[in-house]
>>> print(open('final14.cif').read())   # mmCIF, C-alpha atoms, pLDDT in the B column; chains and numbers go by the auth columns
data_run
#
loop_
_atom_site.group_PDB
_atom_site.id
_atom_site.type_symbol
_atom_site.label_atom_id
_atom_site.label_comp_id
_atom_site.label_asym_id
_atom_site.label_seq_id
_atom_site.Cartn_x
_atom_site.Cartn_y
_atom_site.Cartn_z
_atom_site.B_iso_or_equiv
_atom_site.auth_seq_id
_atom_site.auth_asym_id
ATOM 1 C CA MET A 1 -0.221 13.215 44.606 52.00 4 A
ATOM 2 C CA GLY A 2 1.446 13.042 41.188 55.00 5 A
ATOM 3 C CA VAL A 3 4.136 15.447 40.231 53.00 6 A
ATOM 4 C CA PHE A 4 4.008 17.012 36.767 50.00 7 A
ATOM 5 C CA ARG A 5 7.459 17.350 35.207 54.00 8 A
ATOM 6 C CA TRP A 6 8.067 19.467 32.155 55.00 9 A
ATOM 7 C CA GLY A 7 9.356 17.490 29.209 55.00 10 A
ATOM 8 C CA HIS A 8 7.983 14.116 30.297 55.00 11 A
ATOM 9 C CA HIS A 9 4.343 14.596 29.318 59.00 12 A
ATOM 10 C CA TRP A 10 5.242 14.103 25.604 59.00 13 A
ATOM 11 C CA ASP A 11 6.735 10.634 26.158 65.00 14 A
ATOM 12 C CA ALA A 12 3.386 8.904 25.642 68.00 15 A
ATOM 13 C CA ILE A 13 2.889 10.666 22.303 72.00 16 A
ATOM 14 C CA GLY A 14 6.391 9.653 21.216 70.00 17 A
ATOM 15 C CA ASP A 15 5.616 6.045 22.154 74.00 18 A
ATOM 16 C CA LEU A 16 2.385 6.181 20.128 77.00 19 A
ATOM 17 C CA GLU A 17 4.222 7.610 17.117 77.00 20 A
ATOM 18 C CA ARG A 18 6.837 4.827 17.270 76.00 21 A
ATOM 19 C CA GLU A 19 4.104 2.167 17.511 79.00 22 A
ATOM 20 C CA VAL A 20 2.244 3.593 14.510 78.00 23 A
ATOM 21 C CA ASP A 21 5.487 3.683 12.496 75.00 24 A
ATOM 22 C CA ARG A 22 6.213 0.069 13.463 72.00 25 A
ATOM 23 C CA LEU A 23 2.707 -0.990 12.469 75.00 26 A
ATOM 24 C CA LEU A 24 2.943 0.781 9.115 72.00 27 A
ATOM 25 C CA ARG A 25 6.344 -0.791 8.418 65.00 28 A
ATOM 26 C CA SER A 26 4.930 -4.254 9.116 60.00 29 A
ATOM 27 C CA VAL A 27 1.941 -3.623 6.820 61.00 30 A
ATOM 28 C CA ASN A 28 4.321 -2.289 4.164 50.00 31 A
ATOM 29 C CA LEU A 29 6.421 -5.440 4.347 46.00 32 A
ATOM 30 C CA THR A 30 3.370 -7.702 4.365 44.00 33 A
ATOM 31 C CA PHE A 31 1.949 -6.211 1.178 47.00 34 A
ATOM 32 C CA GLN A 32 5.371 -5.498 -0.376 44.00 35 A
ATOM 33 C CA GLY A 33 4.803 -1.780 -0.545 44.00 36 A
ATOM 34 C CA ILE A 34 1.492 -1.912 -2.395 43.00 37 A
ATOM 35 C CA ARG A 35 -0.453 1.267 -1.856 43.00 38 A
ATOM 36 C CA PHE A 36 -4.181 0.683 -1.896 49.00 39 A
ATOM 37 C CA GLY A 37 -6.076 3.432 -3.627 53.00 40 A
ATOM 38 C CA ARG A 38 -7.807 4.150 -6.847 61.00 41 A
ATOM 39 C CA GLN A 39 -6.717 2.179 -9.869 70.00 42 A
ATOM 40 C CA TYR A 40 -7.971 4.738 -12.367 76.00 43 A
ATOM 41 C CA PRO A 41 -6.457 8.121 -13.144 83.00 44 A
ATOM 42 C CA ALA A 42 -7.573 11.308 -11.469 85.00 45 A
ATOM 43 C CA VAL A 43 -9.070 13.832 -13.868 91.00 46 A
ATOM 44 C CA ASN A 44 -9.488 17.585 -14.137 93.00 47 A
ATOM 45 C CA LEU A 45 -12.403 19.127 -16.007 93.00 48 A
ATOM 46 C CA TYR A 46 -12.513 22.790 -16.907 92.00 49 A
ATOM 47 C CA GLU A 47 -14.679 24.970 -19.076 92.00 50 A
ATOM 48 C CA LEU A 48 -13.687 27.274 -21.910 92.00 51 A
ATOM 49 C CA GLU A 49 -15.980 29.445 -23.988 90.00 52 A
ATOM 50 C CA GLU A 50 -16.447 26.891 -26.794 92.00 53 A
ATOM 51 C CA GLU A 51 -15.672 23.581 -25.089 93.00 54 A
ATOM 52 C CA TYR A 52 -14.976 21.621 -21.931 94.00 55 A
ATOM 53 C CA ILE A 53 -11.519 20.092 -21.487 95.00 56 A
ATOM 54 C CA LEU A 54 -10.927 16.946 -19.471 95.00 57 A
ATOM 55 C CA THR A 55 -7.333 15.992 -18.652 96.00 58 A
ATOM 56 C CA ALA A 56 -5.911 12.881 -17.034 93.00 59 A
ATOM 57 C CA GLU A 57 -2.311 12.021 -16.245 90.00 60 A
ATOM 58 C CA LEU A 58 -1.435 8.594 -17.644 88.00 61 A
ATOM 59 C CA PRO A 59 2.324 8.104 -17.364 85.00 62 A
ATOM 60 C CA GLY A 60 3.563 5.071 -19.247 81.00 63 A
ATOM 61 C CA VAL A 61 0.238 4.453 -21.033 86.00 64 A
ATOM 62 C CA LYS A 62 0.262 4.233 -24.814 89.00 65 A
ATOM 63 C CA ALA A 63 -2.564 5.515 -27.025 92.00 66 A
ATOM 64 C CA GLU A 64 -3.264 1.975 -28.253 92.00 67 A
ATOM 65 C CA ASP A 65 -3.871 0.903 -24.629 90.00 68 A
ATOM 66 C CA LEU A 66 -6.761 3.378 -24.275 93.00 69 A
ATOM 67 C CA ASP A 67 -10.420 2.931 -25.189 95.00 70 A
ATOM 68 C CA LEU A 68 -12.640 6.012 -24.938 95.00 71 A
ATOM 69 C CA SER A 69 -16.367 6.114 -25.615 93.00 72 A
ATOM 70 C CA VAL A 70 -19.171 8.615 -25.154 91.00 73 A
ATOM 71 C CA ALA A 71 -22.875 7.781 -25.194 87.00 74 A
ATOM 72 C CA ASN A 72 -26.020 8.915 -23.413 85.00 75 A
ATOM 73 C CA GLY A 73 -24.229 11.620 -21.469 86.00 76 A
ATOM 74 C CA LEU A 74 -21.509 9.287 -20.135 89.00 77 A
ATOM 75 C CA LEU A 75 -17.821 9.358 -21.004 92.00 78 A
ATOM 76 C CA THR A 76 -16.033 6.061 -20.364 93.00 79 A
ATOM 77 C CA LEU A 77 -12.256 5.807 -20.168 93.00 80 A
ATOM 78 C CA ARG A 78 -10.733 2.316 -20.229 93.00 81 A
ATOM 79 C CA GLY A 79 -7.094 1.467 -20.278 91.00 82 A
ATOM 80 C CA SER A 80 -4.288 -0.614 -18.991 86.00 83 A
ATOM 81 C CA ARG A 81 -0.873 0.023 -17.552 80.00 84 A
ATOM 82 C CA GLN A 82 1.688 -2.611 -18.394 75.00 85 A
ATOM 83 C CA ASP A 83 4.066 -4.026 -15.812 68.00 86 A
ATOM 84 C CA PRO A 84 7.447 -2.337 -16.001 65.00 87 A
ATOM 85 C CA GLU A 85 10.198 -4.382 -17.596 65.00 88 A
ATOM 86 C CA HIS A 86 11.941 -6.710 -15.147 61.00 89 A
ATOM 87 C CA ALA A 87 9.159 -6.140 -12.573 60.00 90 A
ATOM 88 C CA ASN A 88 9.168 -9.825 -11.651 62.00 91 A
ATOM 89 C CA GLU A 89 12.859 -9.680 -10.822 55.00 92 A
ATOM 90 C CA HIS A 90 12.391 -7.045 -8.106 63.00 93 A
ATOM 91 C CA VAL A 91 10.389 -6.766 -4.932 69.00 94 A
ATOM 92 C CA TYR A 92 8.636 -3.420 -4.781 68.00 95 A
ATOM 93 C CA ARG A 93 9.476 -1.244 -1.810 69.00 96 A
ATOM 94 C CA ARG A 94 6.859 1.277 -2.908 71.00 97 A
ATOM 95 C CA LEU A 95 4.243 0.956 -5.619 67.00 98 A
ATOM 96 C CA GLU A 96 2.175 4.102 -6.160 69.00 99 A
ATOM 97 C CA ARG A 97 1.526 3.752 -9.884 70.00 100 A
ATOM 98 C CA PRO A 98 -0.570 0.601 -10.101 69.00 101 A
ATOM 99 C CA HIS A 99 -0.571 -1.543 -13.211 75.00 102 A
ATOM 100 C CA GLY A 100 -3.279 -3.575 -14.862 80.00 103 A
ATOM 101 C CA ASN A 101 -6.669 -2.746 -16.328 86.00 104 A
ATOM 102 C CA TRP A 102 -8.793 0.172 -15.161 87.00 105 A
ATOM 103 C CA GLN A 103 -12.047 1.877 -16.141 90.00 106 A
ATOM 104 C CA ARG A 104 -13.693 5.157 -15.219 89.00 107 A
ATOM 105 C CA THR A 105 -17.095 6.508 -16.269 91.00 108 A
ATOM 106 C CA LEU A 106 -17.949 10.185 -15.857 91.00 109 A
ATOM 107 C CA ASN A 107 -21.024 12.273 -16.538 90.00 110 A
ATOM 108 C CA VAL A 108 -20.523 14.532 -19.533 86.00 111 A
ATOM 109 C CA PRO A 109 -21.479 18.166 -18.951 81.00 112 A
ATOM 110 C CA ASP A 110 -24.799 19.213 -20.464 79.00 113 A
ATOM 111 C CA ARG A 111 -24.858 20.571 -23.988 83.00 114 A
ATOM 112 C CA VAL A 112 -21.940 18.601 -25.435 89.00 115 A
ATOM 113 C CA ILE A 113 -21.808 17.565 -29.087 91.00 116 A
ATOM 114 C CA GLU A 114 -21.004 13.874 -28.553 89.00 117 A
ATOM 115 C CA ASP A 115 -20.185 13.255 -32.240 91.00 118 A
ATOM 116 C CA ALA A 116 -17.448 15.903 -32.151 93.00 119 A
ATOM 117 C CA VAL A 117 -15.587 14.742 -29.025 93.00 120 A
ATOM 118 C CA ARG A 118 -11.866 14.222 -29.724 95.00 121 A
ATOM 119 C CA ALA A 119 -8.871 13.183 -27.635 96.00 122 A
ATOM 120 C CA GLU A 120 -5.091 13.320 -27.741 96.00 123 A
ATOM 121 C CA LEU A 121 -2.368 11.742 -25.618 95.00 124 A
ATOM 122 C CA VAL A 122 0.817 13.820 -25.423 94.00 125 A
ATOM 123 C CA ASN A 123 3.690 13.152 -23.000 92.00 126 A
ATOM 124 C CA GLY A 124 1.511 11.003 -20.738 90.00 127 A
ATOM 125 C CA VAL A 125 -1.347 13.512 -20.477 94.00 128 A
ATOM 126 C CA LEU A 126 -4.703 12.586 -21.988 96.00 129 A
ATOM 127 C CA LYS A 127 -6.651 15.629 -23.151 97.00 130 A
ATOM 128 C CA ILE A 128 -10.291 15.181 -24.188 96.00 131 A
ATOM 129 C CA HIS A 129 -12.069 18.026 -25.992 96.00 132 A
ATOM 130 C CA LEU A 130 -15.834 18.142 -25.380 95.00 133 A
ATOM 131 C CA PRO A 131 -17.287 20.832 -27.685 95.00 134 A
ATOM 132 C CA LYS A 132 -20.335 22.662 -26.416 92.00 135 A
ATOM 133 C CA ALA A 133 -23.587 22.440 -28.326 90.00 136 A
ATOM 134 C CA PRO A 134 -25.242 25.750 -29.118 88.00 137 A
ATOM 135 C CA ALA A 135 -27.804 26.847 -26.577 82.00 138 A
ATOM 136 C CA GLU A 136 -31.326 26.104 -27.634 80.00 139 A
ATOM 137 C CA LYS A 137 -33.429 29.183 -28.095 80.00 140 A
ATOM 138 C CA PRO A 138 -36.851 29.100 -26.508 84.00 141 A
ATOM 139 C CA ARG A 139 -39.582 28.259 -29.000 86.00 142 A
ATOM 140 C CA GLN A 140 -42.552 30.570 -29.025 88.00 143 A
ATOM 141 C CA ILE A 141 -45.864 28.790 -28.726 88.00 144 A
ATOM 142 C CA SER A 142 -48.882 30.521 -30.208 89.00 145 A
ATOM 143 C CA VAL A 143 -52.131 30.351 -28.362 92.00 146 A
ATOM 144 C CA ALA A 144 -55.293 29.960 -30.373 90.00 147 A
ATOM 145 C CA GLY A 145 -58.331 31.822 -29.134 86.00 148 A
ATOM 146 C CA GLY A 146 -61.759 30.356 -29.402 71.00 149 A
#
>>> encode(input="final14.cif", output="structure tokens")
Amino acid sequence: MGVFRWGHHWDAIGDLEREVDRLLRSVNLTFQGIRFGRQYPAVNLYELEEEYILTAELPGVKAEDLDLSVANGLLTLRGSRQDPEHANEHVYRRLERPHGNWQRTLNVPDRVIEDAVRAELVNGVLKIHLPKAPAEKPRQISVAGG
């Protein structure tokens, strides 16, 4: 019959943790620290009384590297992040801010005046103003009697 000893039952978990760390280090070295994930920026969308505001963090992106369009209820953000200077001279140990071209298309909230949408890029934060269209009042329909 086996004897249970306090303190030794966690050894297997410690071994598993070390193996997972080793595996992750080997994957990290194989791909030179590239982190696979989304290539486009995450966005926040919130509502004010007169408009919706969409924000996206775009560190290192210039306004001339952005292309925004709105049509048929879809807002499309396109852009590119340039390689940092001297990037070819170094081997990345960690790369969490991917570079290259990206695109993201989002549904615009209902009742937005598409012709009045405007955007600004300040300190790496893109802010898109989506003004609300006035609510349509119900139209009364007269009924003719015969």
>>> closest_residue(input="final14.cif", among="A:Arg100, A:Arg81, A:Arg114, A:Arg107", to="Lys135 of chain A", atoms="all atoms listed in the file")
A:Arg114
>>> closest_residue(input="final14.cif", among="A:Pro112, A:Pro137, A:Pro62, A:Gly103", to="Leu78 of chain A", atoms="only C-alpha atoms")
A:Pro112
>>> residues_around(input="final14.cif", residues="Ala74 of chain A", least_positions_apart="3", cutoff="10 Å", atoms="all atoms listed in the file", output="PDB file with C-alpha atoms, in the frame of the given file")
ATOM      1  CA  LEU A  77     -21.509   9.287 -20.135  1.00 89.00           C
ATOM      2  CA  LEU A  78     -17.821   9.358 -21.004  1.00 92.00           C
ATOM      3  CA  THR A  79     -16.033   6.061 -20.364  1.00 93.00           C
ATOM      4  CA  ASN A 110     -21.024  12.273 -16.538  1.00 90.00           C
ATOM      5  CA  VAL A 111     -20.523  14.532 -19.533  1.00 86.00           C
ATOM      6  CA  GLU A 117     -21.004  13.874 -28.553  1.00 89.00           C
ATOM      7  CA  ASP A 118     -20.185  13.255 -32.240  1.00 91.00           C
TER       8      ASP A 118
END
>>> closest_residue(input="final14.cif", among="A:Glu53, A:Ile116, A:Asn104, A:Ala122", to="Leu71 of chain A", atoms="all atoms listed in the file")
A:Ala122
>>> residues_around(input="final14.cif", residues="segment 124-130 of chain A", least_positions_apart="5", cutoff="9 Å", atoms="only C-alpha atoms", output="PyMOL selection string")
chain A and resi 56-66
>>> decode(input="final14.cif", residues="segment 60-72 of chain A", atoms="N, CA and C atoms", output="mmCIF file, in the first residue's frame")
data_model
loop_
_atom_site.group_PDB
_atom_site.id
_atom_site.type_symbol
_atom_site.label_atom_id
_atom_site.label_comp_id
_atom_site.auth_asym_id
_atom_site.auth_seq_id
_atom_site.Cartn_x
_atom_site.Cartn_y
_atom_site.Cartn_z
ATOM 1 N N GLU A 60 -6.290 52.639 -29.911
ATOM 2 C CA GLU A 60 -4.908 52.992 -29.603
ATOM 3 C C GLU A 60 -4.019 52.571 -30.758
ATOM 4 N N LEU A 61 -3.294 53.527 -31.324
ATOM 5 C CA LEU A 61 -2.438 53.262 -32.483
ATOM 6 C C LEU A 61 -1.056 53.863 -32.255
ATOM 7 N N PRO A 62 -0.296 53.347 -31.307
ATOM 8 C CA PRO A 62 1.018 53.926 -31.046
ATOM 9 C C PRO A 62 1.931 53.807 -32.261
ATOM 10 N N GLY A 63 2.599 54.883 -32.587
ATOM 11 C CA GLY A 63 3.557 54.872 -33.680
ATOM 12 C C GLY A 63 2.950 54.999 -35.062
ATOM 13 N N VAL A 64 1.628 55.136 -35.160
ATOM 14 C CA VAL A 64 0.963 55.274 -36.461
ATOM 15 C C VAL A 64 0.747 56.755 -36.732
ATOM 16 N N LYS A 65 1.053 57.172 -37.940
ATOM 17 C CA LYS A 65 0.865 58.558 -38.343
ATOM 18 C C LYS A 65 -0.486 58.699 -39.035
ATOM 19 N N ALA A 66 -1.040 59.910 -39.016
ATOM 20 C CA ALA A 66 -2.341 60.163 -39.634
ATOM 21 C C ALA A 66 -2.318 59.827 -41.114
ATOM 22 N N GLU A 67 -1.199 60.082 -41.789
ATOM 23 C CA GLU A 67 -1.133 59.783 -43.229
ATOM 24 C C GLU A 67 -1.080 58.285 -43.518
ATOM 25 N N ASP A 68 -0.856 57.460 -42.497
ATOM 26 C CA ASP A 68 -0.853 56.006 -42.672
ATOM 27 C C ASP A 68 -2.222 55.383 -42.417
ATOM 28 N N LEU A 69 -3.235 56.227 -42.179
ATOM 29 C CA LEU A 69 -4.587 55.741 -41.905
ATOM 30 C C LEU A 69 -5.516 56.041 -43.068
ATOM 31 N N ASP A 70 -6.459 55.146 -43.305
ATOM 32 C CA ASP A 70 -7.502 55.334 -44.306
ATOM 33 C C ASP A 70 -8.803 54.902 -43.656
ATOM 34 N N LEU A 71 -9.714 55.845 -43.447
ATOM 35 C CA LEU A 71 -10.997 55.571 -42.819
ATOM 36 C C LEU A 71 -12.107 55.806 -43.833
ATOM 37 N N SER A 72 -13.100 54.930 -43.844
ATOM 38 C CA SER A 72 -14.244 55.130 -44.721
ATOM 39 C C SER A 72 -15.496 54.626 -44.023
#
